[in-house]
Each structure stands twice: as C-alpha cells, then as structure tokens.
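Structure data follow from start-v9.txt (compact mmCIF, C-alpha atoms):
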# COMPACT_ATOMS: atom_id res chain seq x y z
CA MET A 1 -2.33 -18.18 47.64
CA ILE A 2 -0.23 -18.31 50.81
CA ILE A 3 3.04 -16.38 50.85
CA LEU A 4 5.48 -17.68 53.47
CA LEU A 5 7.92 -14.95 54.41
CA THR A 6 11.32 -15.95 55.77
CA GLY A 7 14.71 -14.40 56.47
CA MET A 8 17.42 -14.29 59.12
CA PRO A 9 17.00 -11.97 62.15
CA GLY A 10 17.37 -8.34 61.12
CA SER A 11 17.15 -9.07 57.39
CA GLY A 12 14.13 -6.79 56.92
CA LYS A 13 11.06 -9.07 56.94
CA GLY A 14 9.01 -6.39 58.73
CA GLU A 15 9.39 -3.98 55.82
CA ILE A 16 7.96 -6.58 53.42
CA ALA A 17 5.12 -7.46 55.79
CA ARG A 18 4.17 -3.77 56.12
CA ALA A 19 4.22 -3.33 52.34
CA PHE A 20 1.85 -6.28 51.88
CA LYS A 21 -0.45 -4.83 54.56
CA ARG A 22 -0.48 -1.49 52.76
CA ALA A 23 -1.38 -3.37 49.56
CA GLY A 24 -4.39 -4.76 51.44
CA VAL A 25 -3.04 -8.28 52.05
CA PRO A 26 -3.59 -9.71 55.56
CA VAL A 27 -0.41 -10.78 57.38
CA VAL A 28 -0.30 -13.52 60.01
CA SER A 29 2.79 -13.22 62.20
CA MET A 30 4.37 -16.41 63.58
CA GLY A 31 5.87 -14.30 66.40
CA ASP A 32 2.48 -12.83 67.33
CA THR A 33 1.04 -16.34 67.28
CA VAL A 34 3.50 -17.36 70.03
CA ARG A 35 2.75 -14.14 71.95
CA GLU A 36 -1.01 -14.83 71.82
CA GLU A 37 -0.40 -18.35 73.10
CA ALA A 38 1.64 -16.85 75.96
CA ASP A 39 -1.35 -14.65 76.85
CA LYS A 40 -3.71 -17.65 76.83
CA ARG A 41 -1.39 -19.57 79.15
CA GLY A 42 -0.57 -16.60 81.40
CA ILE A 43 3.12 -16.78 80.51
CA PRO A 44 5.04 -13.48 80.69
CA LYS A 45 5.98 -12.16 77.23
CA THR A 46 9.62 -11.66 78.14
CA PRO A 47 12.36 -13.06 75.84
CA GLU A 48 12.90 -15.88 78.37
CA GLY A 49 9.16 -16.63 78.73
CA LEU A 50 8.63 -16.74 74.96
CA LYS A 51 11.71 -18.86 74.40
CA ALA A 52 10.58 -21.38 77.05
CA LEU A 53 7.08 -21.41 75.53
CA SER A 54 8.46 -22.05 72.03
CA ILE A 55 10.42 -25.03 73.32
CA GLU A 56 7.38 -26.27 75.29
CA LEU A 57 5.10 -25.93 72.23
CA ARG A 58 7.51 -27.93 70.07
CA LYS A 59 7.59 -30.66 72.73
CA GLU A 60 3.78 -30.77 72.92
CA MET A 61 2.91 -30.41 69.24
CA GLY A 62 6.05 -31.16 67.23
CA GLU A 63 8.54 -29.11 65.24
CA ASP A 64 5.75 -27.41 63.31
CA ALA A 65 3.93 -26.28 66.49
CA ILE A 66 3.75 -22.58 65.67
CA ALA A 67 2.58 -23.31 62.13
CA ARG A 68 -0.21 -25.48 63.56
CA LEU A 69 -1.32 -22.60 65.76
CA ALA A 70 -1.22 -20.16 62.83
CA ILE A 71 -3.04 -22.42 60.33
CA PRO A 72 -6.60 -21.80 61.68
CA LYS A 73 -5.99 -18.04 61.40
CA VAL A 74 -4.82 -18.43 57.81
CA ARG A 75 -7.78 -20.70 57.00
CA LYS A 76 -10.24 -18.13 58.33
CA LEU A 77 -8.63 -15.31 56.33
CA LEU A 78 -8.70 -17.41 53.14
CA GLU A 79 -12.51 -17.69 53.42
CA LYS A 80 -12.74 -14.05 52.38
CA ARG A 81 -9.34 -13.28 50.87
CA SER A 82 -7.38 -14.77 47.99
CA VAL A 83 -3.88 -14.01 49.36
CA VAL A 84 -2.50 -14.31 52.88
CA VAL A 85 1.08 -13.62 54.00
CA VAL A 86 2.62 -15.57 56.89
CA GLU A 87 5.60 -13.77 58.39
CA GLY A 88 8.45 -15.44 60.27
CA ILE A 89 8.74 -18.97 58.83
CA ARG A 90 11.79 -20.68 60.30
CA SER A 91 11.89 -24.35 59.34
CA PRO A 92 11.13 -26.84 56.57
CA ALA A 93 8.68 -28.50 59.01
CA GLU A 94 6.64 -25.28 59.11
CA VAL A 95 6.63 -25.01 55.30
CA GLU A 96 5.47 -28.64 55.09
CA ALA A 97 2.71 -28.00 57.65
CA PHE A 98 1.26 -25.21 55.47
CA ARG A 99 1.57 -27.30 52.29
CA ARG A 100 -0.20 -30.22 54.01
CA ALA A 101 -2.94 -28.05 55.52
CA PHE A 102 -3.69 -26.28 52.20
CA PRO A 103 -3.15 -28.87 49.46
CA ARG A 104 -5.16 -26.94 46.88
CA GLU A 105 -3.65 -23.54 47.66
CA LYS A 106 -0.53 -22.15 45.95
CA VAL A 107 2.13 -21.89 48.70
CA LEU A 108 5.14 -19.68 47.86
CA ILE A 109 8.29 -18.96 49.85
CA VAL A 110 9.60 -15.39 49.78
CA ALA A 111 13.03 -14.94 51.41
CA VAL A 112 14.83 -11.75 52.22
CA HIS A 113 18.62 -11.75 52.42
CA SER A 114 20.87 -9.24 54.07
CA PRO A 115 24.60 -9.66 54.80
CA PRO A 116 25.45 -10.58 58.41
CA HIS A 117 27.20 -7.30 59.27
CA GLN A 118 24.25 -5.25 58.03
CA ARG A 119 21.79 -7.41 59.98
CA PHE A 120 23.87 -6.98 63.11
CA GLU A 121 23.88 -3.18 62.77
CA ARG A 122 20.12 -3.16 62.13
CA LEU A 123 19.38 -5.31 65.21
CA ARG A 124 21.68 -3.23 67.37
CA ARG A 125 19.80 -0.10 66.34
CA ARG A 126 16.39 -1.78 66.75
CA LYS A 127 16.97 -2.73 70.39
CA ARG A 128 13.98 -5.03 70.87
CA SER A 129 14.32 -6.71 74.26
CA ASP A 130 15.60 -9.93 72.66
CA ASP A 131 17.90 -8.27 70.11
CA PRO A 132 21.65 -8.95 70.34
CA ARG A 133 23.91 -6.21 71.63
CA THR A 134 27.25 -7.84 70.84
CA TRP A 135 28.58 -9.70 67.79
CA GLU A 136 28.78 -12.88 69.92
CA GLU A 137 25.10 -12.63 70.91
CA PHE A 138 24.28 -12.02 67.24
CA VAL A 139 26.19 -15.13 66.11
CA ASP A 140 24.45 -17.17 68.82
CA ARG A 141 21.03 -15.99 67.71
CA ASP A 142 21.88 -16.79 64.08
CA LYS A 143 22.97 -20.28 65.13
CA LYS A 144 19.68 -20.81 66.94
CA GLU A 145 17.71 -19.85 63.82
CA LEU A 146 19.93 -22.00 61.59
CA GLY A 147 19.34 -24.87 64.03
CA PHE A 148 15.62 -24.72 63.19
CA GLY A 149 16.56 -25.21 59.52
CA ILE A 150 15.87 -21.66 58.31
CA GLY A 151 18.83 -21.94 55.90
CA GLU A 152 17.04 -24.73 54.02
CA VAL A 153 13.88 -22.64 53.72
CA ILE A 154 15.91 -19.70 52.36
CA ALA A 155 17.84 -21.92 49.91
CA LEU A 156 14.54 -23.20 48.45
CA ALA A 157 12.77 -19.81 48.20
CA ASP A 158 10.63 -19.10 45.15
CA TYR A 159 11.50 -15.40 45.41
CA MET A 160 14.59 -13.87 46.96
CA ILE A 161 14.81 -10.18 47.78
CA VAL A 162 18.19 -8.72 48.63
CA ASN A 163 18.35 -5.97 51.24
CA ASP A 164 21.96 -4.85 51.14
CA GLY A 165 22.01 -1.19 50.25
CA HIS A 166 19.80 1.82 50.58
CA LEU A 167 16.33 1.50 52.05
CA GLU A 168 14.85 3.07 48.93
CA ASP A 169 16.37 0.35 46.70
CA TYR A 170 14.98 -2.29 49.04
CA ARG A 171 11.51 -0.69 48.98
CA LEU A 172 11.59 -0.60 45.18
CA ARG A 173 12.42 -4.32 45.07
CA ILE A 174 9.54 -5.01 47.46
CA ARG A 175 7.11 -3.03 45.29
CA GLU A 176 8.29 -4.97 42.22
CA LEU A 177 7.77 -8.25 44.05
CA ILE A 178 4.29 -7.28 45.22
CA SER A 179 3.18 -6.26 41.74
CA LYS A 180 4.53 -9.58 40.40
CA LEU A 181 2.69 -11.61 43.04
CA LEU A 182 -0.63 -9.82 43.33
CA PRO A 183 -3.19 -9.94 40.55
CA GLU A 184 -4.11 -6.40 39.45
CA MET B 1 41.02 -12.09 49.61
CA ILE B 2 39.31 -15.45 49.15
CA ILE B 3 35.84 -15.46 47.61
CA LEU B 4 33.88 -18.60 48.46
CA LEU B 5 31.21 -19.19 45.84
CA THR B 6 28.11 -21.17 46.82
CA GLY B 7 24.65 -21.93 45.50
CA MET B 8 22.23 -24.79 45.02
CA PRO B 9 22.65 -27.12 41.99
CA GLY B 10 21.71 -25.32 38.79
CA SER B 11 21.65 -21.87 40.39
CA GLY B 12 24.28 -20.49 38.00
CA LYS B 13 27.60 -20.66 39.88
CA GLY B 14 29.45 -21.49 36.65
CA GLU B 15 28.48 -18.16 35.09
CA ILE B 16 29.98 -16.27 38.05
CA ALA B 17 33.13 -18.40 38.01
CA ARG B 18 33.62 -17.73 34.27
CA ALA B 19 33.12 -13.99 34.81
CA PHE B 20 35.81 -13.94 37.51
CA LYS B 21 38.16 -15.88 35.22
CA ARG B 22 37.57 -13.35 32.44
CA ALA B 23 38.38 -10.60 34.97
CA GLY B 24 41.73 -12.35 35.54
CA VAL B 25 40.92 -13.93 38.90
CA PRO B 26 42.01 -17.58 39.35
CA VAL B 27 39.19 -19.99 40.26
CA VAL B 28 39.70 -23.19 42.26
CA SER B 29 36.84 -25.62 41.75
CA MET B 30 35.84 -27.90 44.63
CA GLY B 31 34.37 -30.32 42.06
CA ASP B 32 37.62 -30.43 40.06
CA THR B 33 39.49 -31.02 43.32
CA VAL B 34 37.47 -34.21 43.87
CA ARG B 35 38.00 -35.22 40.21
CA GLU B 36 41.79 -34.76 40.53
CA GLU B 37 41.78 -36.90 43.67
CA ALA B 38 39.86 -39.57 41.72
CA ASP B 39 42.62 -39.52 39.07
CA LYS B 40 45.33 -39.89 41.73
CA ARG B 41 43.54 -42.88 43.25
CA GLY B 42 42.56 -44.45 39.93
CA ILE B 43 38.86 -44.13 40.67
CA PRO B 44 36.57 -43.77 37.63
CA LYS B 45 35.13 -40.25 37.31
CA THR B 46 31.54 -41.49 36.96
CA PRO B 47 28.80 -39.96 39.16
CA GLU B 48 28.89 -43.14 41.30
CA GLY B 49 32.68 -43.17 41.57
CA LEU B 50 32.86 -39.49 42.55
CA LYS B 51 30.04 -39.85 45.05
CA ALA B 52 31.75 -42.83 46.70
CA LEU B 53 35.05 -40.93 46.75
CA SER B 54 33.41 -37.88 48.39
CA ILE B 55 32.00 -40.09 51.13
CA GLU B 56 35.35 -41.88 51.54
CA LEU B 57 37.25 -38.54 51.73
CA ARG B 58 34.90 -37.26 54.45
CA LYS B 59 35.46 -40.46 56.41
CA GLU B 60 39.24 -40.17 56.09
CA MET B 61 39.67 -36.42 56.58
CA GLY B 62 36.45 -35.08 58.11
CA GLU B 63 33.53 -33.00 56.88
CA ASP B 64 35.88 -30.38 55.44
CA ALA B 65 37.85 -32.95 53.39
CA ILE B 66 37.45 -31.27 50.00
CA ALA B 67 38.35 -27.87 51.46
CA ARG B 68 41.52 -29.41 52.92
CA LEU B 69 42.47 -30.71 49.48
CA ALA B 70 41.75 -27.32 47.88
CA ILE B 71 43.59 -25.20 50.48
CA PRO B 72 47.15 -25.90 49.20
CA LYS B 73 46.05 -24.84 45.70
CA VAL B 74 44.58 -21.61 47.09
CA ARG B 75 47.70 -20.98 49.17
CA LYS B 76 49.92 -21.35 46.13
CA LEU B 77 47.79 -18.97 44.07
CA LEU B 78 47.80 -16.37 46.86
CA GLU B 79 51.60 -16.21 46.68
CA LYS B 80 51.25 -14.33 43.41
CA ARG B 81 47.64 -13.14 43.38
CA SER B 82 45.61 -10.96 45.74
CA VAL B 83 42.21 -12.56 45.02
CA VAL B 84 41.24 -16.22 44.56
CA VAL B 85 37.75 -17.59 43.97
CA VAL B 86 36.77 -21.04 45.30
CA GLU B 87 33.75 -22.45 43.50
CA GLY B 88 31.34 -25.02 44.94
CA ILE B 89 31.38 -24.49 48.72
CA ARG B 90 28.74 -26.70 50.31
CA SER B 91 29.01 -26.64 54.09
CA PRO B 92 29.81 -24.46 57.11
CA ALA B 93 32.68 -26.89 57.85
CA GLU B 94 34.28 -25.97 54.52
CA VAL B 95 33.88 -22.23 55.21
CA GLU B 96 35.48 -22.72 58.62
CA ALA B 97 38.37 -24.68 57.09
CA PHE B 98 39.22 -21.74 54.80
CA ARG B 99 38.87 -19.20 57.63
CA ARG B 100 41.15 -21.30 59.83
CA ALA B 101 43.73 -21.90 57.10
CA PHE B 102 43.91 -18.19 56.15
CA PRO B 103 43.42 -16.22 59.38
CA ARG B 104 44.90 -13.02 57.94
CA GLU B 105 43.05 -13.18 54.63
CA LYS B 106 39.61 -11.62 54.04
CA VAL B 107 37.22 -14.55 53.36
CA LEU B 108 33.90 -13.62 51.75
CA ILE B 109 30.90 -15.78 50.88
CA VAL B 110 29.14 -15.05 47.59
CA ALA B 111 25.87 -16.95 47.10
CA VAL B 112 23.75 -17.22 44.01
CA HIS B 113 20.04 -17.91 44.35
CA SER B 114 17.67 -19.20 41.74
CA PRO B 115 14.10 -20.47 42.34
CA PRO B 116 13.76 -24.29 42.42
CA HIS B 117 11.70 -24.56 39.23
CA GLN B 118 14.21 -22.52 37.26
CA ARG B 119 17.13 -24.57 38.61
CA PHE B 120 15.33 -27.76 37.62
CA GLU B 121 14.79 -26.54 34.06
CA ARG B 122 18.42 -25.45 33.81
CA LEU B 123 19.75 -28.81 35.04
CA ARG B 124 17.41 -30.71 32.75
CA ARG B 125 18.76 -28.75 29.79
CA ARG B 126 22.39 -29.09 30.97
CA LYS B 127 22.31 -32.90 31.05
CA ARG B 128 25.62 -33.51 32.82
CA SER B 129 25.84 -37.21 33.64
CA ASP B 130 24.84 -36.59 37.28
CA ASP B 131 22.08 -34.04 36.55
CA PRO B 132 18.50 -34.90 37.51
CA ARG B 133 16.04 -35.80 34.78
CA THR B 134 12.88 -35.86 36.88
CA TRP B 135 11.51 -33.52 39.57
CA GLU B 136 11.94 -36.34 42.11
CA GLU B 137 15.63 -36.76 41.24
CA PHE B 138 16.00 -32.98 41.49
CA VAL B 139 14.40 -32.85 44.96
CA ASP B 140 16.66 -35.73 46.09
CA ARG B 141 19.77 -33.94 44.87
CA ASP B 142 18.67 -30.73 46.64
CA LYS B 143 18.14 -32.71 49.85
CA LYS B 144 21.64 -34.16 49.59
CA GLU B 145 23.16 -30.67 49.24
CA LEU B 146 21.02 -29.31 52.08
CA GLY B 147 22.21 -32.25 54.18
CA PHE B 148 25.78 -30.93 53.87
CA GLY B 149 24.53 -27.63 55.35
CA ILE B 150 24.64 -25.55 52.16
CA GLY B 151 21.51 -23.67 53.33
CA GLU B 152 23.45 -22.28 56.29
CA VAL B 153 26.26 -21.09 54.04
CA ILE B 154 23.74 -19.37 51.75
CA ALA B 155 21.88 -17.76 54.68
CA LEU B 156 25.14 -16.23 55.94
CA ALA B 157 26.43 -14.98 52.57
CA ASP B 158 28.14 -11.59 52.41
CA TYR B 159 26.84 -11.09 48.87
CA MET B 160 23.73 -12.63 47.32
CA ILE B 161 23.12 -12.57 43.60
CA VAL B 162 19.69 -13.49 42.32
CA ASN B 163 19.44 -15.39 39.03
CA ASP B 164 15.72 -15.48 38.36
CA GLY B 165 15.10 -13.79 35.06
CA HIS B 166 16.92 -13.10 31.86
CA LEU B 167 20.54 -14.16 31.45
CA GLU B 168 21.47 -10.57 30.56
CA ASP B 169 20.11 -9.26 33.90
CA TYR B 170 22.06 -11.95 35.70
CA ARG B 171 25.25 -11.08 33.82
CA LEU B 172 24.78 -7.40 34.69
CA ARG B 173 24.45 -8.27 38.39
CA ILE B 174 27.62 -10.37 38.16
CA ARG B 175 29.53 -7.49 36.55
CA GLU B 176 28.31 -5.14 39.30
CA LEU B 177 29.43 -7.62 41.96
CA ILE B 178 32.86 -8.06 40.39
CA SER B 179 33.46 -4.33 40.16
CA LYS B 180 32.43 -3.99 43.82
CA LEU B 181 34.79 -6.78 44.94
CA LEU B 182 37.86 -6.20 42.81
CA PRO B 183 40.14 -3.22 43.34
CA GLU B 184 40.47 -1.19 40.12

Show this structure as structure tokens.
Amino acid sequence: MIILLTGMPGSGKGEIARAFKRAGVPVVSMGDTVREEADKRGIPKTPEGLKALSIELRKEMGEDAIARLAIPKVRKLLEKRSVVVVEGIRSPAEVEAFRRAFPREKVLIVAVHSPPHQRFERLRRRKRSDDPRTWEEFVDRDKKELGFGIGEVIALADYMIVNDGHLEDYRLRIRELISKLLPE
Amino acid sequence: MIILLTGMPGSGKGEIARAFKRAGVPVVSMGDTVREEADKRGIPKTPEGLKALSIELRKEMGEDAIARLAIPKVRKLLEKRSVVVVEGIRSPAEVEAFRRAFPREKVLIVAVHSPPHQRFERLRRRKRSDDPRTWEEFVDRDKKELGFGIGEVIALADYMIVNDGHLEDYRLRIRELISKLLPE
C-alpha cells in the first residue's frame, strides 16, 4: 500500500509523516527528492535554486517529474515493506504517476486540512527560509500550490484529517487514522 | 455573516443546509437559483436544460454568473437577518463575487469532505435525475466540478467537516459547527 500525503503549506503534513515514521512506516519526501536532485546537479539548495530546479525538472520530465524521481525509492522500499508513505503530493499528475507505476498496489490519498489563518500563523512561526512572512506572501504561495492542482488532490482524498484546534486533538486524529490504515 | 457552503457531489451539503435551516438561518441555494432562472426563461428543468443554461449564463455574465444571480437574494435576506448560508459554491470566482459584493460582511467558507467511494454510493442511492449511475459517470461529474475550481475553494475553507462514517457522527459535527458559528 502507498499512502500519498497531501495538504496546503503549513497544514501539518510533517506531524503525520513523523507519526507514520514512529509507527515504523518508511516515508519518502517529495521535497527531499528535489533537494537530492539539487545535490546531484550541484544546484544550491536555496529557495530560489530549488524553485528553479522544480521548474526545470517539469520542463525536462513533465508535470509528474518529482513523482518520477521518487518512484524508484518507493519501489525499493516496497521490496521489503508492505506500506510506504509519500509526503508532499501536489498535483493530480503526481497521483496518476504513482497509480500508473504501481498498478497492483493500493494507492490512497490522505489529506490534511487547516484553515488559512491557522496555516499562516504556523508558517510564520516556523520560519523556514522559504516560508511567508506576510499575508500577501502567504496568499501567493497558496496560489502557486493551487496552480499545481493540489486542490483537486485534496478534494478527492480517501481520508481527510482536520487540524484546526489543539495539537493534542490533531495527534489523536492522526493516531486513529494510523490504526485504521495499518494492519495490526 | 455569509456562510458559503461547498463540497463535491454527494458529500452531504444538503444535511448541513437543513441543519442551518432548522437553526433558523435562511439558506440560498445556488442550484435553485439556476432552476428559477430556467423558469423565467421557459427552459425545461431537465439535467440537459439546466446544464445548457449554466453554460449560457457563464457566457452572458462571466464565471461568477450564478453568484451574481444569488447576490440580490442574499442582500435582501441580510436586511433582516445577521447570518445567511449560500449552498453549492463551486468556484473561486463565485467566492470572490460574494466578497466583492459584501465588503463589510464576514464571508466564511464551510467545506464538507467525503471520500470518493462513499460519495458514489450516496449518489447512486439518491438517484436524482442527474446523479451518476456508474463509476465512470461519477468520475466525469467530479471532473466537471473540479474544472470549475471547486478543489481550490475546498482547499481554502475556513471550516472543514468530514462526513466519512456514521450519519450520527456527521450530524454531531454539524451541530458543533453551528454552535461555533452562530451567536447564542
């Protein structure tokens, strides 16, 4: 089984990915996949470098470029493991790439939703180099993600987790999801 | 306050709309708005007639055509009421139309999410004249909605309700939402 994890920036995907890792499930990160490709090509891993590389990769390999780079990693993990999580799915093209590459594997979409104002506050506190500092930067980043088609992936999710209150409630929902998805 | 209610076909928007009505909040339906326009123009209210009218309205008035037709109804209700629900929002253009028309009013998006297989089963049981009977028809209808940009509206919702289990759980979540949104 492949679990494709999606959600808008700052929605709380990392918390779910960490919970799966703690449960012993390997996680392939789409973001790390781009960063590894940057290393291979000697491109600086700055926000600008990674953004340019993402655009370049899509030009070279198509809309599902990052999925294509992640697929061999997932395939290798599935040789020894029954469940793999892929974190950071952004477009229907990426979902399709995984479905095509693993026709006999169950492929599920898990989305996490958090209201825009809460995501903005979370990103402002996080302060990764590419995180928005103003509401305008936040709206622009959202638009970029929506431009990839992430809204369509979220709308078609098999499981939706809502992260809109206390962290403890969110963690409880994640634990419930994991026990639903993972065989005992 | 204007509450814009959105969700994929078969997700359970009707249940939320009915709960708001029971709580005394007027509900303007985007679907009914199209049906009323069909009556005015003498167009038969068959799935084909309504579909053709929707396309025609967008050509005449723009992407936010149905919102424009609904806005006077909302404006009239807001003269006497503090909260109005609009059911069946499908695109960012419609959201923008309401925000533009009511700059001093709080405009919130409430989305309901239900997994595709559950929505399909619900629509198959519902059997409205335009409801899908096969999985292929269901996927086509989803694609049509996603083409309007409904995924973007869902991804940016201020409140997300998940309808993925028992009806009683869903009704409880709706009651919790309503008590959060409505002043006592």

Given only C-alpha atoms, how would the per-residue table for chain B near chain A read, listing every residue at most 6 Å away with its closest atom pair and distance in Å to one decimal, sorted by chain and number, as CSV?
residue,atom,partner,partner_atom,distance
B:Pro115,CA,A:Asp158,CA,4.7
B:Gly151,CA,A:Gly151,CA,4.1
B:Glu152,CA,A:Gly151,CA,4.6
B:Ala155,CA,A:Gly151,CA,5.3
B:Asp158,CA,A:Pro115,CA,4.7

(message) Quick one: residues within 9 Å of B:Leu123, only C-alpha atoms, excluding same-chain residues fewer than 5 positions away - as number ranges by chain?
(response) B: 9-11, 118, 128, 131-133, 138

Let me know the centre plus edge lengths, in Å and rounded to one decimal, of a box with edges along x, y and z that contains all listed atoms of stretch 137-142 of chain B and is padded by 4 Å on every side, as lines of an AutoDock Vina configuration file.
center_x = 17.1
center_y = -33.7
center_z = 43.9
size_x = 13.4
size_y = 14.0
size_z = 13.4

(request) Kindly give the distance, in Å, that separates atom CA of B:Asp32 and atom CA of B:Ile2, rounded to a single decimal. (result) 17.6 Å

(message) Give me, as a list in words, all polymer residues having an atom no more than 8 Å from stretch 97-106 of chain B, counting only C-alpha atoms and skipping those fewer than 3 positions away in the same chain.
(response) Met1, Ile2, Asp64, Ala67, Arg68, Ile71, Ala93 and Glu94 of chain B

(message) Residues proximal to (30.3, -35.6, 51.4) were defined as those with any atom within 9 Å of that point in the file's coordinates, counting all atoms listed in the file. Which are they, as a list of chain:residue names?
(response)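 Every residue inside that radius is included here: B:Lys51, B:Ala52, B:Leu53, B:Ser54, B:Ile55, B:Glu56, B:Leu57, B:Arg58, B:Lys59, B:Glu63, B:Asp64, B:Ala65, B:Ile66, B:Lys144, B:Glu145, B:Phe148.
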
(message) Please report the interatomic distance between atom CA of B:Leu167 and atom CA of B:Glu87 in Å with one decimal.
(response)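 That distance, rounded to one decimal, is 19.7 Å.
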
(message) I'd like the interatomic distance between atom CA of A:Tyr170 and atom CA of A:Val28, to a tenth of an Å.
(response)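 Between atom CA of A:Tyr170 and atom CA of A:Val28 the gap works out to 21.9 Å.
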
(request) May I have the residues within 10 Å of B:Val83 as a list in words, using all atoms listed in the file and disregarding those fewer than 6 positions away in the same chain? (result)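 My reading of the contact set: Met1, Ile2, Ile3, Phe20, Gly24, Val25, Pro26, Val27, Val74, Leu77, Glu105, Lys106, Val107, Leu181, Leu182 and Pro183 of chain B.
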
(request) Select, from B:Val85, B:Arg75, B:Ala23, B:Glu15, the residue with the minimum atom-to-atom distance to B:Ser179, counting all atoms listed in the file. (result) B:Ala23

Kindly complete stretch 51-76 of chain A to N, CA and C atoms; the output should be written as a CSV table (one decimal), in the coordinates of the input.
chain,number,residue,atom,x,y,z
A,51,LYS,N,10.8,-17.8,74.8
A,51,LYS,CA,11.7,-18.9,74.4
A,51,LYS,C,11.3,-20.2,75.0
A,52,ALA,N,11.0,-20.2,76.3
A,52,ALA,CA,10.6,-21.4,77.0
A,52,ALA,C,9.3,-21.9,76.4
A,53,LEU,N,8.4,-21.0,76.1
A,53,LEU,CA,7.1,-21.4,75.5
A,53,LEU,C,7.3,-22.1,74.2
A,54,SER,N,8.2,-21.5,73.3
A,54,SER,CA,8.5,-22.0,72.0
A,54,SER,C,9.0,-23.5,72.2
A,55,ILE,N,9.9,-23.7,73.1
A,55,ILE,CA,10.4,-25.0,73.3
A,55,ILE,C,9.3,-26.0,73.8
A,56,GLU,N,8.5,-25.5,74.7
A,56,GLU,CA,7.4,-26.3,75.3
A,56,GLU,C,6.4,-26.6,74.2
A,57,LEU,N,6.0,-25.7,73.3
A,57,LEU,CA,5.1,-25.9,72.2
A,57,LEU,C,5.6,-27.0,71.3
A,58,ARG,N,6.9,-26.9,71.0
A,58,ARG,CA,7.5,-27.9,70.1
A,58,ARG,C,7.5,-29.3,70.7
A,59,LYS,N,7.7,-29.4,72.0
A,59,LYS,CA,7.6,-30.7,72.7
A,59,LYS,C,6.2,-31.2,72.7
A,60,GLU,N,5.2,-30.3,72.9
A,60,GLU,CA,3.8,-30.8,72.9
A,60,GLU,C,3.3,-31.2,71.5
A,61,MET,N,3.6,-30.3,70.5
A,61,MET,CA,2.9,-30.4,69.2
A,61,MET,C,3.8,-30.8,68.1
A,62,GLY,N,5.1,-30.8,68.3
A,62,GLY,CA,6.0,-31.2,67.2
A,62,GLY,C,6.7,-29.9,66.7
A,63,GLU,N,7.7,-30.2,65.8
A,63,GLU,CA,8.5,-29.1,65.2
A,63,GLU,C,7.7,-28.0,64.6
A,64,ASP,N,6.6,-28.4,64.1
A,64,ASP,CA,5.8,-27.4,63.3
A,64,ASP,C,4.7,-26.8,64.2
A,65,ALA,N,4.9,-26.7,65.5
A,65,ALA,CA,3.9,-26.3,66.5
A,65,ALA,C,3.4,-24.9,66.1
A,66,ILE,N,4.2,-23.9,65.9
A,66,ILE,CA,3.8,-22.6,65.7
A,66,ILE,C,2.9,-22.5,64.4
A,67,ALA,N,3.4,-23.2,63.4
A,67,ALA,CA,2.6,-23.3,62.1
A,67,ALA,C,1.2,-23.9,62.4
A,68,ARG,N,1.1,-24.9,63.2
A,68,ARG,CA,-0.2,-25.5,63.6
A,68,ARG,C,-1.1,-24.5,64.2
A,69,LEU,N,-0.5,-23.6,65.1
A,69,LEU,CA,-1.3,-22.6,65.8
A,69,LEU,C,-1.7,-21.5,64.8
A,70,ALA,N,-0.9,-21.2,63.8
A,70,ALA,CA,-1.2,-20.2,62.8
A,70,ALA,C,-2.2,-20.6,61.7
A,71,ILE,N,-2.2,-21.9,61.4
A,71,ILE,CA,-3.0,-22.4,60.3
A,71,ILE,C,-4.5,-22.1,60.4
A,72,PRO,N,-5.2,-22.2,61.6
A,72,PRO,CA,-6.6,-21.8,61.7
A,72,PRO,C,-6.8,-20.3,61.3
A,73,LYS,N,-5.9,-19.5,61.7
A,73,LYS,CA,-6.0,-18.0,61.4
A,73,LYS,C,-5.9,-17.8,59.9
A,74,VAL,N,-5.0,-18.5,59.3
A,74,VAL,CA,-4.8,-18.4,57.8
A,74,VAL,C,-6.1,-19.0,57.1
A,75,ARG,N,-6.6,-20.1,57.6
A,75,ARG,CA,-7.8,-20.7,57.0
A,75,ARG,C,-9.0,-19.7,57.0
A,76,LYS,N,-9.1,-19.1,58.2
A,76,LYS,CA,-10.2,-18.1,58.3
A,76,LYS,C,-10.1,-17.0,57.4
